[in-house]
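Take a look at the structure below.
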Amino acid sequence: MDLILNFGLVLLGFLGLIGGADLLVRGASGIARSLGVPAMVVGLTIVAYGTSMPEFMASFMAMRQGLPGIALGNVLGSNICNIALVLGVAGVLTTIRMEKDVYRSQLPITIILTIILALMILTGNVVNRVEGILLFLGVIVFTIWNFQRNREDMPASNNNAAPNIFEKSRLAAVGVIIAGCVLLFFGGNWVVGGATSIARHFLVPDRIIGATLIALGTSLPELITTIMGIWKGETDLGVGNAIGSCIFNILMVIGGTAIYRPISATLQEYWLEFLFCLVVTAILYPMASRSRTITRTHGIILIALYIAFIIIIC
């Protein structure tokens with residue numbers, strides 16, 4: 001009975017994380033647009049940060065409870081899930097094009113950041129506060145860099161778009177932001193609490209629960225966003241969303257969490273997660289080397305890699 005309740009708590013927590021992130025994005029976007037902030041800026045900041053909030057809150061709550069295995073496992077598992085499962089499902093549904101920016105910039109950055117994170121852990125068996133600050137500063141630099149590169153594509157104003165309720169009423173926007181933060185807080189607590197109890201019941205290490213169950217749940221926003229993008233004919237959104245989230249996970253989630261409390265770990269524990277992170281990211285190069293597209297065959301290979309990861313780690 002307790003096991004069923006814990007699974008229910010995890011499910012409820014995932015709904016809280018996803019719903020909270022959605023409300024946070026809607027409210028913050030409404031305020032930004034009411035102030036005349038271009039849509040591209042909103043997308044590069046509020047939406048980008050918002051889709052990584054489930055990972056951030058789950059990892060942050062794990063560290064509050066002294067569970068570094070869940071915090072680090074969640075980020076590494078989410079990155080594997082974002083590329084192998086999310087892009088795999090997208091590739092199976094339709095042929096998706098990989099933009100030049102993703103191929104030349106985001107993929108290399110993801111690989112470099114994964115190696116840097118592994119070296120941080122290798123040198124001291126911890127991601128300390130100084131390293132956390134450096135990573136978190138990295139997400140600010142990455143955001144500013146994106147602004148500079150996309151400035152020419154930014155519309156001068158949003159006057160042509162019909163304003164929604166959160167653009168018309170800043171009070172309503174503030175209300176949903178507060179509601180979103182509350183849902184994120186409780187959702188993170190429920191996910192970590194329920195998952196920890198499940199792990200202890202089955203004698204499963206925290207890092208495995210973090211890299212599988214929690215990682216899959218916190219990657220649902222990316223999966224849903226990608227599928228919705230395909231449904232609306234915006235197939236390019238899938239690749240950028242999935243890989244961009246990997247960058248934010250390392251810089252913002254690990255960085256912000258390590259600032260709160262250093263993340264203790266050893267590379268011997270997480271070598272499999274790091275290996276799969278690098279493999280599923282690097283394999284996109286030969287897949288898209290000619291036409292820069294991810295086909296149904298590529299999608300099946302990526303999904304197979306994700307299934308292999310789950311089988312091996314469990």
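The way I read the labels, and the way they are meant: chains A, B, ... in the order of the structure tokens, residue 1 as the first residue of every chain, and ligand 1 as the first ligand shown, with later ones counted on from there.
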
Just asking: which residues within region 81-264 of chain A are strand (DSSP E or B) according to DSSP, as a PDB file with N, CA, C and O atoms, in the first residue's frame?
```
ATOM      1  N   ILE A  96      13.155  15.309 -38.843  1.00  0.00           N
ATOM      2  CA  ILE A  96      13.387  16.638 -38.277  1.00  0.00           C
ATOM      3  C   ILE A  96      14.749  17.159 -38.723  1.00  0.00           C
ATOM      4  O   ILE A  96      15.727  16.426 -38.792  1.00  0.00           O
ATOM      5  N   ARG A  97      14.783  18.434 -39.026  1.00  0.00           N
ATOM      6  CA  ARG A  97      15.991  19.072 -39.547  1.00  0.00           C
ATOM      7  C   ARG A  97      16.827  19.635 -38.405  1.00  0.00           C
ATOM      8  O   ARG A  97      16.297  20.215 -37.463  1.00  0.00           O
ATOM      9  N   VAL A 126      33.690  16.265  -5.966  1.00  0.00           N
ATOM     10  CA  VAL A 126      32.636  17.193  -5.559  1.00  0.00           C
ATOM     11  C   VAL A 126      32.538  18.319  -6.585  1.00  0.00           C
ATOM     12  O   VAL A 126      33.519  18.677  -7.224  1.00  0.00           O
ATOM     13  N   VAL A 127      31.320  18.818  -6.751  1.00  0.00           N
ATOM     14  CA  VAL A 127      31.127  20.081  -7.464  1.00  0.00           C
ATOM     15  C   VAL A 127      30.934  21.120  -6.363  1.00  0.00           C
ATOM     16  O   VAL A 127      29.874  21.174  -5.729  1.00  0.00           O
ATOM     17  N   ILE A 263      27.899  19.340  -4.326  1.00  0.00           N
ATOM     18  CA  ILE A 263      27.398  18.028  -4.721  1.00  0.00           C
ATOM     19  C   ILE A 263      28.546  17.021  -4.680  1.00  0.00           C
ATOM     20  O   ILE A 263      29.452  17.065  -5.504  1.00  0.00           O
ATOM     21  N   SER A 264      28.502  16.134  -3.712  1.00  0.00           N
ATOM     22  CA  SER A 264      29.542  15.110  -3.575  1.00  0.00           C
ATOM     23  C   SER A 264      29.253  13.940  -4.506  1.00  0.00           C
ATOM     24  O   SER A 264      28.126  13.460  -4.581  1.00  0.00           O
TER      25      SER A 264
END
```

Running DSSP on the backbone, which parts of region 20-111 of chain A land in alpha helix (DSSP H), as a PyMOL selection string? chain A and resi 20-34+39-42+48-51+53-64+68-80+87-93+100-101+107-111

Long-range neighbours of region 194-203 of chain A as an MDAnalysis selection string, 12 Å cut-off, only C-alpha atoms, 6 positions minimum in chain: chainID A and resid 1:14 58 61:62 65:71 74 186:188 209:215 217 314

Selected residues written out, C-alpha atoms, as a compact mmCIF listing (two decimals), in the first residue's frame:
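What ended up in part-v3.txt:
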```
# COMPACT_ATOMS: atom_id res chain seq x y z
CA MET A 1 0.00 0.00 0.00
CA ASP A 2 2.83 2.39 0.91
CA LEU A 3 4.51 1.63 -2.42
CA ILE A 4 1.38 2.60 -4.36
CA LEU A 5 1.09 5.80 -2.35
CA ASN A 6 4.71 6.68 -3.09
CA PHE A 7 4.24 6.10 -6.83
CA GLY A 8 1.14 8.29 -6.61
CA LEU A 9 3.15 10.94 -4.79
CA VAL A 10 5.81 10.89 -7.53
CA LEU A 11 3.15 11.18 -10.23
CA LEU A 12 1.46 14.04 -8.38
CA GLY A 13 4.85 15.69 -7.97
CA PHE A 14 5.56 15.47 -11.70
CA ALA A 58 13.91 18.21 -8.19
CA MET A 61 14.97 19.56 -3.15
CA ALA A 62 17.17 16.46 -3.29
CA GLN A 65 17.32 16.45 1.88
CA GLY A 66 20.97 15.45 1.58
CA LEU A 67 20.53 13.27 -1.54
CA PRO A 68 23.30 14.25 -3.99
CA GLY A 69 22.79 11.02 -5.92
CA ILE A 70 19.31 12.09 -7.00
CA ALA A 71 20.46 15.64 -7.79
CA ASN A 74 18.59 13.61 -12.41
CA PHE A 186 5.65 21.10 -3.44
CA GLY A 187 6.08 19.15 -6.68
CA GLY A 188 9.83 18.93 -6.11
CA ILE A 209 16.32 6.55 -9.29
CA GLY A 210 17.49 10.05 -10.17
CA ALA A 211 18.83 8.98 -13.58
CA THR A 212 15.74 6.97 -14.54
CA LEU A 213 12.41 7.69 -12.84
CA ILE A 214 13.00 11.33 -11.86
CA ALA A 215 14.94 12.15 -15.04
CA GLY A 217 9.52 12.72 -15.34
CA CYS A 314 19.13 -0.95 -13.60
```

Selection: 9 Å around region 19-36 of chain A, only C-alpha atoms, excl. self and same-chain fewer than 5 positions, as an MDAnalysis selection string: chainID A and resid 14 42:43 46:47 49:54 156:159 163:170 172:185 187 221

Could you write out the selected residues, including N, CA and C atoms, as a compact mmCIF listing (two decimals), in the first residue's frame?
```txt
# COMPACT_ATOMS: atom_id res chain seq x y z
N PHE A 14 5.25 15.15 -10.31
CA PHE A 14 5.56 15.47 -11.70
C PHE A 14 4.53 16.44 -12.27
N VAL A 42 11.84 36.74 -24.88
CA VAL A 42 11.05 35.91 -23.97
C VAL A 42 11.38 34.44 -24.17
N GLY A 43 11.51 34.01 -25.42
CA GLY A 43 11.82 32.62 -25.70
C GLY A 43 13.19 32.21 -25.22
N ILE A 46 12.82 33.42 -20.51
CA ILE A 46 11.77 32.89 -19.66
C ILE A 46 11.39 31.46 -20.04
N VAL A 47 11.15 31.21 -21.32
CA VAL A 47 10.75 29.88 -21.74
C VAL A 47 11.90 28.89 -21.56
N TYR A 49 14.50 29.05 -19.48
CA TYR A 49 14.73 28.77 -18.07
C TYR A 49 13.56 27.96 -17.49
N GLY A 50 12.36 28.28 -17.94
CA GLY A 50 11.18 27.60 -17.40
C GLY A 50 11.16 26.12 -17.68
N THR A 51 11.60 25.69 -18.87
CA THR A 51 11.59 24.26 -19.19
C THR A 51 12.61 23.47 -18.38
N SER A 52 13.59 24.18 -17.77
CA SER A 52 14.57 23.49 -16.92
C SER A 52 14.21 23.57 -15.44
N MET A 53 13.11 24.25 -15.11
CA MET A 53 12.72 24.39 -13.71
C MET A 53 12.36 23.06 -13.04
N PRO A 54 11.68 22.11 -13.73
CA PRO A 54 11.43 20.82 -13.07
C PRO A 54 12.71 20.12 -12.63
N ALA A 156 10.62 44.17 -33.63
CA ALA A 156 10.72 45.44 -32.90
C ALA A 156 9.71 45.54 -31.77
N SER A 157 8.53 44.94 -31.96
CA SER A 157 7.50 45.02 -30.92
C SER A 157 6.55 43.86 -31.08
N ASN A 158 5.64 43.74 -30.11
CA ASN A 158 4.65 42.67 -30.12
C ASN A 158 3.24 43.22 -30.32
N ASN A 159 3.16 44.41 -30.89
CA ASN A 159 1.86 45.08 -30.98
C ASN A 159 0.87 44.35 -31.87
N PRO A 163 -3.17 40.50 -27.15
CA PRO A 163 -2.74 40.31 -25.77
C PRO A 163 -3.63 39.32 -25.03
N ASN A 164 -3.01 38.47 -24.21
CA ASN A 164 -3.79 37.54 -23.39
C ASN A 164 -4.05 38.16 -22.03
N ILE A 165 -4.70 37.41 -21.16
CA ILE A 165 -5.11 37.95 -19.86
C ILE A 165 -3.91 38.35 -19.01
N PHE A 166 -2.79 37.63 -19.16
CA PHE A 166 -1.62 37.93 -18.34
C PHE A 166 -0.86 39.15 -18.85
N GLU A 167 -1.07 39.51 -20.11
CA GLU A 167 -0.50 40.75 -20.64
C GLU A 167 -1.37 41.94 -20.24
N LYS A 168 -2.69 41.71 -20.17
CA LYS A 168 -3.62 42.78 -19.80
C LYS A 168 -3.57 43.08 -18.31
N SER A 169 -3.43 42.04 -17.49
CA SER A 169 -3.47 42.22 -16.04
C SER A 169 -2.18 41.68 -15.41
N ARG A 170 -1.35 42.59 -14.96
CA ARG A 170 -0.12 42.17 -14.29
C ARG A 170 -0.41 41.52 -12.95
N ALA A 172 -2.92 39.48 -12.37
CA ALA A 172 -3.19 38.08 -12.70
C ALA A 172 -1.88 37.35 -13.01
N ALA A 173 -0.97 38.03 -13.70
CA ALA A 173 0.33 37.42 -14.03
C ALA A 173 1.12 37.10 -12.76
N VAL A 174 1.15 38.05 -11.83
CA VAL A 174 1.85 37.83 -10.56
C VAL A 174 1.20 36.67 -9.81
N GLY A 175 -0.12 36.59 -9.86
CA GLY A 175 -0.84 35.51 -9.19
C GLY A 175 -0.44 34.13 -9.71
N VAL A 176 -0.36 33.99 -11.04
CA VAL A 176 0.01 32.68 -11.58
C VAL A 176 1.48 32.38 -11.37
N ILE A 177 2.32 33.43 -11.31
CA ILE A 177 3.74 33.21 -10.99
C ILE A 177 3.89 32.65 -9.58
N ILE A 178 3.16 33.23 -8.64
CA ILE A 178 3.19 32.74 -7.25
C ILE A 178 2.67 31.31 -7.18
N ALA A 179 1.54 31.06 -7.89
CA ALA A 179 0.98 29.71 -7.91
C ALA A 179 1.96 28.72 -8.53
N GLY A 180 2.65 29.15 -9.59
CA GLY A 180 3.63 28.29 -10.23
C GLY A 180 4.78 27.95 -9.30
N CYS A 181 5.27 28.95 -8.56
CA CYS A 181 6.37 28.71 -7.62
C CYS A 181 5.95 27.75 -6.50
N VAL A 182 4.71 27.90 -6.03
CA VAL A 182 4.20 27.00 -4.98
C VAL A 182 4.13 25.57 -5.50
N LEU A 183 3.60 25.40 -6.73
CA LEU A 183 3.52 24.07 -7.32
C LEU A 183 4.91 23.47 -7.53
N LEU A 184 5.86 24.29 -7.97
CA LEU A 184 7.22 23.80 -8.16
C LEU A 184 7.84 23.35 -6.84
N PHE A 185 7.60 24.11 -5.78
CA PHE A 185 8.15 23.77 -4.47
C PHE A 185 7.59 22.43 -3.97
N GLY A 187 5.83 20.22 -5.71
CA GLY A 187 6.08 19.15 -6.68
C GLY A 187 7.46 18.56 -6.52
N PRO A 221 8.37 17.98 -19.92
CA PRO A 221 8.11 19.24 -20.63
C PRO A 221 8.81 19.31 -21.99
```

Find the residues around Leu251 (chain A) up to 8 Å (only C-alpha atoms counted), leave out those fewer than 4 positions away in its own chain, and share them as a ChimeraX atom specification. /A:135-139,247,255-256

Restricted to C-alpha atoms, what would the selected residues look like written as a PDB file, in the first residue's frame?
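Final output, saved to selection.pdb:
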```
ATOM      1  CA  LEU A 135      28.642  27.165 -14.010  1.00  0.00           C
ATOM      2  CA  PHE A 136      25.802  29.501 -13.087  1.00  0.00           C
ATOM      3  CA  LEU A 137      27.671  32.474 -14.542  1.00  0.00           C
ATOM      4  CA  GLY A 138      27.998  30.345 -17.656  1.00  0.00           C
ATOM      5  CA  VAL A 139      24.237  30.246 -18.146  1.00  0.00           C
ATOM      6  CA  ILE A 247      23.062  23.032 -21.655  1.00  0.00           C
ATOM      7  CA  GLY A 255      25.460  25.320 -10.916  1.00  0.00           C
ATOM      8  CA  GLY A 256      22.555  26.636  -8.861  1.00  0.00           C
TER       9      GLY A 256
END
```

Between CA of Ile116 (chain A) and CA of Thr218 (chain A), what is the distance, to one decimal in Å?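 Interatomic distance, CA of Ile116 (chain A) to CA of Thr218 (chain A): 23.1 Å.
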